[in-house]
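See below for the structure under consideration.
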Amino acid sequence: MAEEVLLFGAWASPYSHRVEMALKLKGVEYKYVEEDLANKSPSLLKYNPIHKKVPVLVHNGNPIVESQVILEYINETWPGYPLLPKDPYERAIARFWAKFIDDKCLLAIFKASWGEEKEREKAAEEVPEFLNHLENELKEKRFFGGESIGMVDIVANFISFWVGAFEEAFGSELLTREKFPKLTNWTHQFVNNTVVKESLPPRDKLVAYLRNRFGGRNVSK
Amino acid sequence: MADDLILLNLWSSPFGMRVRIALAEKGLDYELIEEDLSNKSPLLLKMNPVRKQIPVLIHKGRPICESLIIVQYIDEVWRHKSPLLPSDPYARAKSRFWADYVDKNIYAIGKLVWGATGEIQEAAKKELIEWFKVLEGEVGDKPYFGGDSFGIVDVALIPFYSWFYAVETCGNFSIVAECPKLVSWAKRCMERESVSKSLPDQYKMYCFLLELKTKFQAQ
């Protein structure tokens, strides 16, 4: 049976782009379906009835949802480029950082950018603390995954590209070279990687989209 | 210790219970260290400097943090006995999805049912019943979430069974009336020694949570 790989995504979503990056790194051919999140397709609702979100990967008719679950699935299903280390301990460490990025960093960055005032103040203190942990974790490595991009780098795509777009859209400063030299270097390495570059949305379009979508709310200083 | 394992834990933590269940399923010996979270030990702060939370599993001196990550680690290192994840990638993805679903929803909402009052508690109760019904729909008439074998989704969810009495009493409702299949599933899990030895008595938990609730309300 010919293999069928479908990806339901949204061009502005970092979660959706994670999956594209992973598929491209593995050299998997797939068909991309752009979803209008204001008007979700019957297919999306059928494949992800519980969360009704993108991304959804459909492999030979089987849907897989939640970006980190999808990344693990891609890693286990297609051989070749390893997204996670083979050693169980190294793998546990990678999973820890991926969870930390999604559960703590992203949430704090969102709140610092456009949460309610009280939330924003607290988040504004947390963001540099969390980024500092990532800065320390990078140490002298080129990527979180070592010499090559791995799952943690992919999950941190938000920090490498979307944060820059927020900063441009709202005039905020979250990731500065002075405070986070290693993370800033990592950002450049990551976004200039050939496969990653192909997967990223156009910067101007993203900035305009963010301004339009979130610009009415209070923004961080 | 034969397997060189230390678990930093808190008896009342559902997350700690997950790790204890996994270790028991694999028949592993370990040293259990009970932490006082109001006075965290230097060992905990050294082993989990980022989150400063329990549970932390220390294997041959190296820490692993976050309960479901620890459970997967245990499963991968001691793969030959009682596997907690299936071998098929799609079945594994489904297990991870449901374990993640439990993580995202049950703790935060359950806490509001035993910990809050008034409208917040009522809204939380409705939401909790909704999530329980979804989970009940998923397990259905199967022995466990993964089918015939006890697995990571069961491990992720069953510790919250120790909250049932507290949640029912504080929320004034009956879980068995709302979700009978979920309760059947829970009782089946409790027949496993790994589970019954890792979960505290529901009444003891209720008293403990009431104390916590009083502390929160005083703040």
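Within each chain, counting starts at residue 1; across the structure tokens, chains are named A, B, ... in the order shown, with ligands numbered 1 upward in that order.
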Practice problem: For chain A, list the residues within 8 Å of chain B, counting only C-alpha atoms, and write the list as number ranges by chain. | Solution: A: 62, 64-66, 69-70, 72-73, 76-77, 88-89, 92-93, 95-96, 133
Prev. selection, N, CA and C atoms, output as an mmCIF file, in the first residue's frame:
data_model
loop_
_atom_site.group_PDB
_atom_site.id
_atom_site.type_symbol
_atom_site.label_atom_id
_atom_site.label_comp_id
_atom_site.auth_asym_id
_atom_site.auth_seq_id
_atom_site.Cartn_x
_atom_site.Cartn_y
_atom_site.Cartn_z
ATOM 1 N N ASN A 62 -4.555 6.981 10.060
ATOM 2 C CA ASN A 62 -4.510 7.068 11.522
ATOM 3 C C ASN A 62 -4.108 8.465 11.970
ATOM 4 N N ILE A 64 -2.765 11.376 14.496
ATOM 5 C CA ILE A 64 -1.962 11.572 15.714
ATOM 6 C C ILE A 64 -2.018 13.063 16.016
ATOM 7 N N VAL A 65 -2.293 13.429 17.265
ATOM 8 C CA VAL A 65 -2.437 14.843 17.615
ATOM 9 C C VAL A 65 -1.540 15.204 18.804
ATOM 10 N N GLU A 66 -1.377 16.513 19.021
ATOM 11 C CA GLU A 66 -0.473 17.100 20.027
ATOM 12 C C GLU A 66 0.950 17.053 19.481
ATOM 13 N N VAL A 69 3.626 14.675 20.874
ATOM 14 C CA VAL A 69 3.262 13.272 20.635
ATOM 15 C C VAL A 69 3.574 12.935 19.169
ATOM 16 N N ILE A 70 3.249 13.866 18.280
ATOM 17 C CA ILE A 70 3.519 13.658 16.853
ATOM 18 C C ILE A 70 5.025 13.535 16.605
ATOM 19 N N GLU A 72 7.370 12.441 18.600
ATOM 20 C CA GLU A 72 7.831 11.125 19.058
ATOM 21 C C GLU A 72 7.400 10.049 18.047
ATOM 22 N N TYR A 73 6.186 10.176 17.535
ATOM 23 C CA TYR A 73 5.669 9.211 16.552
ATOM 24 C C TYR A 73 6.521 9.227 15.289
ATOM 25 N N GLU A 76 9.804 7.528 15.854
ATOM 26 C CA GLU A 76 9.738 6.066 15.981
ATOM 27 C C GLU A 76 9.332 5.364 14.689
ATOM 28 N N THR A 77 8.609 6.079 13.849
ATOM 29 C CA THR A 77 8.064 5.434 12.641
ATOM 30 C C THR A 77 9.043 5.446 11.482
ATOM 31 N N PRO A 88 18.528 6.036 26.893
ATOM 32 C CA PRO A 88 17.319 6.394 27.653
ATOM 33 C C PRO A 88 17.491 7.595 28.577
ATOM 34 N N TYR A 89 18.668 7.743 29.182
ATOM 35 C CA TYR A 89 18.863 8.875 30.090
ATOM 36 C C TYR A 89 18.891 10.184 29.319
ATOM 37 N N ALA A 92 15.461 11.078 28.319
ATOM 38 C CA ALA A 92 14.666 11.630 29.418
ATOM 39 C C ALA A 92 14.996 13.109 29.622
ATOM 40 N N ILE A 93 16.276 13.446 29.485
ATOM 41 C CA ILE A 93 16.701 14.850 29.627
ATOM 42 C C ILE A 93 16.087 15.694 28.505
ATOM 43 N N ARG A 95 13.350 15.105 26.830
ATOM 44 C CA ARG A 95 11.908 15.204 27.075
ATOM 45 C C ARG A 95 11.635 16.229 28.173
ATOM 46 N N PHE A 96 12.499 16.270 29.180
ATOM 47 C CA PHE A 96 12.336 17.230 30.270
ATOM 48 C C PHE A 96 12.360 18.660 29.718
ATOM 49 N N HIS A 133 17.546 29.331 32.298
ATOM 50 C CA HIS A 133 17.723 27.881 32.420
ATOM 51 C C HIS A 133 18.109 27.292 31.066
#
Exercise. List the neighbours of B:Val102 out to 9 Å using only C-alpha atoms; skip same-chain residues closer than 5 positions along the sequence, and give me the result as JSON, numbers by chain.
Key: {"B": [97, 107, 131, 135, 153, 156, 157]}
Quiz prompt | Non-local contacts of stretch 111-126 of chain A (12 Å; only C-alpha atoms; under 4 positions in same chain excluded) as a ChimeraX atom specification | solution = /A:104-107,130-133,162-163,165-175,210-211,213-221
Quiz prompt | 6 Å contact set for stretch 19-35 of chain A, only C-alpha atoms, chain neighbours under 5 positions out, as a VMD selection string | solution = chain A and resid 5 to 10 81 199
Exercise. From a DSSP calculation on the backbone, collect every residue of stretch 43-158 of chain B in helix (DSSP H, G or I) and output the set as a PyMOL selection string.
Key: chain B and resi 43-47+67-77+89-115+118-139+152-158
Quiz item: as a list in words, which residues of chain B does DSSP assign to strand (DSSP E or B)?
Solution: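 The residues of chain B classed as strand (DSSP E or B) are Leu5, Ile6, Leu7, Leu8, Asn9, Glu31, Leu32, Ile33, Glu34, Val56, Leu57, Ile58, His59, Arg62, Pro63, Ile64, Cys65, Tyr144 and Gly147 of chain B.
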Exercise. For A:Arg142, work out the shell of residues within 9 Å, counting only C-alpha atoms and skipping chain neighbours fewer than 5 positions away, then give it as number ranges by chain.
Key: A: 147-149, 182, 185-186, 189
Quiz prompt | Close residues, B:Cys189 itself excluded, 10 Å, only C-alpha atoms, min 4 positions apart in chain, as a PyMOL selection string | solution = chain B and resi 143-144+150+154-155+158+161+183-185+193-196
Using all heavy atoms, can you write the selected residues to a file as a short mmCIF file (atom, residue, chain, number, x, y, z; two decimals), in the first residue's frame?
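That gives us again.cif:
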data_model
loop_
_atom_site.label_atom_id
_atom_site.label_comp_id
_atom_site.auth_asym_id
_atom_site.auth_seq_id
_atom_site.Cartn_x
_atom_site.Cartn_y
_atom_site.Cartn_z
N PRO B 143 -10.31 -3.86 29.89
CA PRO B 143 -9.77 -3.96 31.25
C PRO B 143 -8.95 -2.72 31.62
O PRO B 143 -9.04 -2.21 32.73
CB PRO B 143 -8.88 -5.19 31.22
CG PRO B 143 -9.14 -5.88 29.94
CD PRO B 143 -9.89 -4.98 29.04
N TYR B 144 -8.13 -2.25 30.67
CA TYR B 144 -7.30 -1.08 30.92
C TYR B 144 -7.35 -0.18 29.70
O TYR B 144 -7.84 -0.57 28.65
CB TYR B 144 -5.84 -1.52 31.18
CG TYR B 144 -5.69 -2.46 32.35
CD1 TYR B 144 -5.34 -3.80 32.16
CD2 TYR B 144 -5.90 -2.01 33.65
CE1 TYR B 144 -5.22 -4.66 33.22
CE2 TYR B 144 -5.79 -2.88 34.73
CZ TYR B 144 -5.44 -4.19 34.51
OH TYR B 144 -5.32 -5.06 35.58
N PHE B 150 -1.98 -3.46 31.50
CA PHE B 150 -1.87 -2.26 32.34
C PHE B 150 -0.75 -1.41 31.75
O PHE B 150 0.32 -1.93 31.45
CB PHE B 150 -1.52 -2.73 33.75
CG PHE B 150 -1.43 -1.64 34.77
CD1 PHE B 150 -2.57 -1.04 35.27
CD2 PHE B 150 -0.20 -1.25 35.27
CE1 PHE B 150 -2.50 -0.04 36.24
CE2 PHE B 150 -0.10 -0.26 36.24
CZ PHE B 150 -1.25 0.35 36.72
N ASP B 154 -3.07 4.16 32.46
CA ASP B 154 -3.59 3.70 33.75
C ASP B 154 -2.72 4.26 34.88
O ASP B 154 -3.22 4.76 35.89
CB ASP B 154 -3.59 2.17 33.82
CG ASP B 154 -4.27 1.54 32.63
OD1 ASP B 154 -5.51 1.60 32.55
OD2 ASP B 154 -3.56 1.01 31.74
N VAL B 155 -1.40 4.19 34.68
CA VAL B 155 -0.46 4.71 35.69
C VAL B 155 -0.66 6.21 35.90
O VAL B 155 -0.61 6.71 37.02
CB VAL B 155 1.01 4.43 35.26
CG1 VAL B 155 1.99 5.08 36.21
CG2 VAL B 155 1.27 2.94 35.19
N ILE B 158 -4.63 6.52 37.62
CA ILE B 158 -5.10 5.84 38.83
C ILE B 158 -4.74 6.55 40.15
O ILE B 158 -5.52 6.48 41.09
CB ILE B 158 -4.71 4.32 38.85
CG1 ILE B 158 -5.49 3.57 39.95
CG2 ILE B 158 -3.21 4.13 39.04
CD1 ILE B 158 -6.98 3.58 39.79
N TYR B 161 -7.48 8.33 41.88
CA TYR B 161 -8.50 7.56 42.59
C TYR B 161 -8.42 7.84 44.08
O TYR B 161 -9.43 7.84 44.78
CB TYR B 161 -8.31 6.07 42.29
CG TYR B 161 -9.35 5.17 42.92
CD1 TYR B 161 -10.70 5.25 42.53
CD2 TYR B 161 -9.00 4.24 43.89
CE1 TYR B 161 -11.65 4.43 43.09
CE2 TYR B 161 -9.95 3.41 44.45
CZ TYR B 161 -11.27 3.51 44.06
OH TYR B 161 -12.21 2.67 44.63
N VAL B 183 -15.14 3.90 37.50
CA VAL B 183 -14.93 3.34 38.84
C VAL B 183 -14.59 1.85 38.74
O VAL B 183 -13.71 1.36 39.46
CB VAL B 183 -16.15 3.61 39.74
CG1 VAL B 183 -15.99 2.93 41.09
CG2 VAL B 183 -16.34 5.11 39.93
N SER B 184 -15.24 1.13 37.82
CA SER B 184 -14.90 -0.30 37.63
C SER B 184 -13.44 -0.43 37.23
O SER B 184 -12.72 -1.30 37.74
CB SER B 184 -15.73 -0.95 36.50
OG SER B 184 -17.07 -0.84 36.78
N TRP B 185 -13.02 0.43 36.31
CA TRP B 185 -11.63 0.42 35.86
C TRP B 185 -10.70 0.67 37.05
O TRP B 185 -9.71 -0.04 37.25
CB TRP B 185 -11.41 1.49 34.78
CG TRP B 185 -9.97 1.86 34.61
CD1 TRP B 185 -9.01 1.20 33.90
CD2 TRP B 185 -9.30 2.96 35.25
NE1 TRP B 185 -7.80 1.83 34.03
CE2 TRP B 185 -7.95 2.90 34.85
CE3 TRP B 185 -9.71 4.00 36.10
CZ2 TRP B 185 -7.01 3.84 35.28
CZ3 TRP B 185 -8.79 4.92 36.53
CH2 TRP B 185 -7.44 4.84 36.13
N GLU B 193 -1.15 -5.20 43.06
CA GLU B 193 -0.41 -4.84 44.26
C GLU B 193 0.39 -3.56 44.04
O GLU B 193 0.51 -2.73 44.95
CB GLU B 193 0.54 -5.98 44.63
CG GLU B 193 0.83 -6.05 46.10
CD GLU B 193 1.74 -7.21 46.44
OE1 GLU B 193 1.45 -8.35 45.99
OE2 GLU B 193 2.75 -6.98 47.13
N SER B 194 0.92 -3.39 42.84
CA SER B 194 1.73 -2.19 42.56
C SER B 194 0.91 -0.93 42.83
O SER B 194 1.43 0.08 43.29
CB SER B 194 2.19 -2.19 41.10
OG SER B 194 1.07 -2.12 40.23
N VAL B 195 -0.39 -1.00 42.56
CA VAL B 195 -1.27 0.16 42.73
C VAL B 195 -1.72 0.26 44.19
O VAL B 195 -1.58 1.31 44.82
CB VAL B 195 -2.49 0.08 41.79
CG1 VAL B 195 -3.44 1.23 42.05
CG2 VAL B 195 -2.05 0.07 40.33
N SER B 196 -2.24 -0.85 44.74
CA SER B 196 -2.80 -0.77 46.10
C SER B 196 -1.74 -0.37 47.11
O SER B 196 -2.02 0.32 48.09
CB SER B 196 -3.48 -2.07 46.50
OG SER B 196 -2.55 -3.12 46.45
#
Exercise. Would you mind reading off the distance between atom CA of A:Tyr15 and atom CA of A:Pro55, one decimal, in Å?
Key: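 Atom CA of A:Tyr15 sits 6.5 Å away from atom CA of A:Pro55.
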Quiz item: With distances taken over only C-alpha atoms, which of B:Ser82, B:Ser12, B:Met205, B:Gly171 is nearest to B:Glu119?
Solution: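 Of B:Ser82, B:Ser12, B:Met205, B:Gly171, the one nearest B:Glu119 is B:Gly171, counting only C-alpha atoms.
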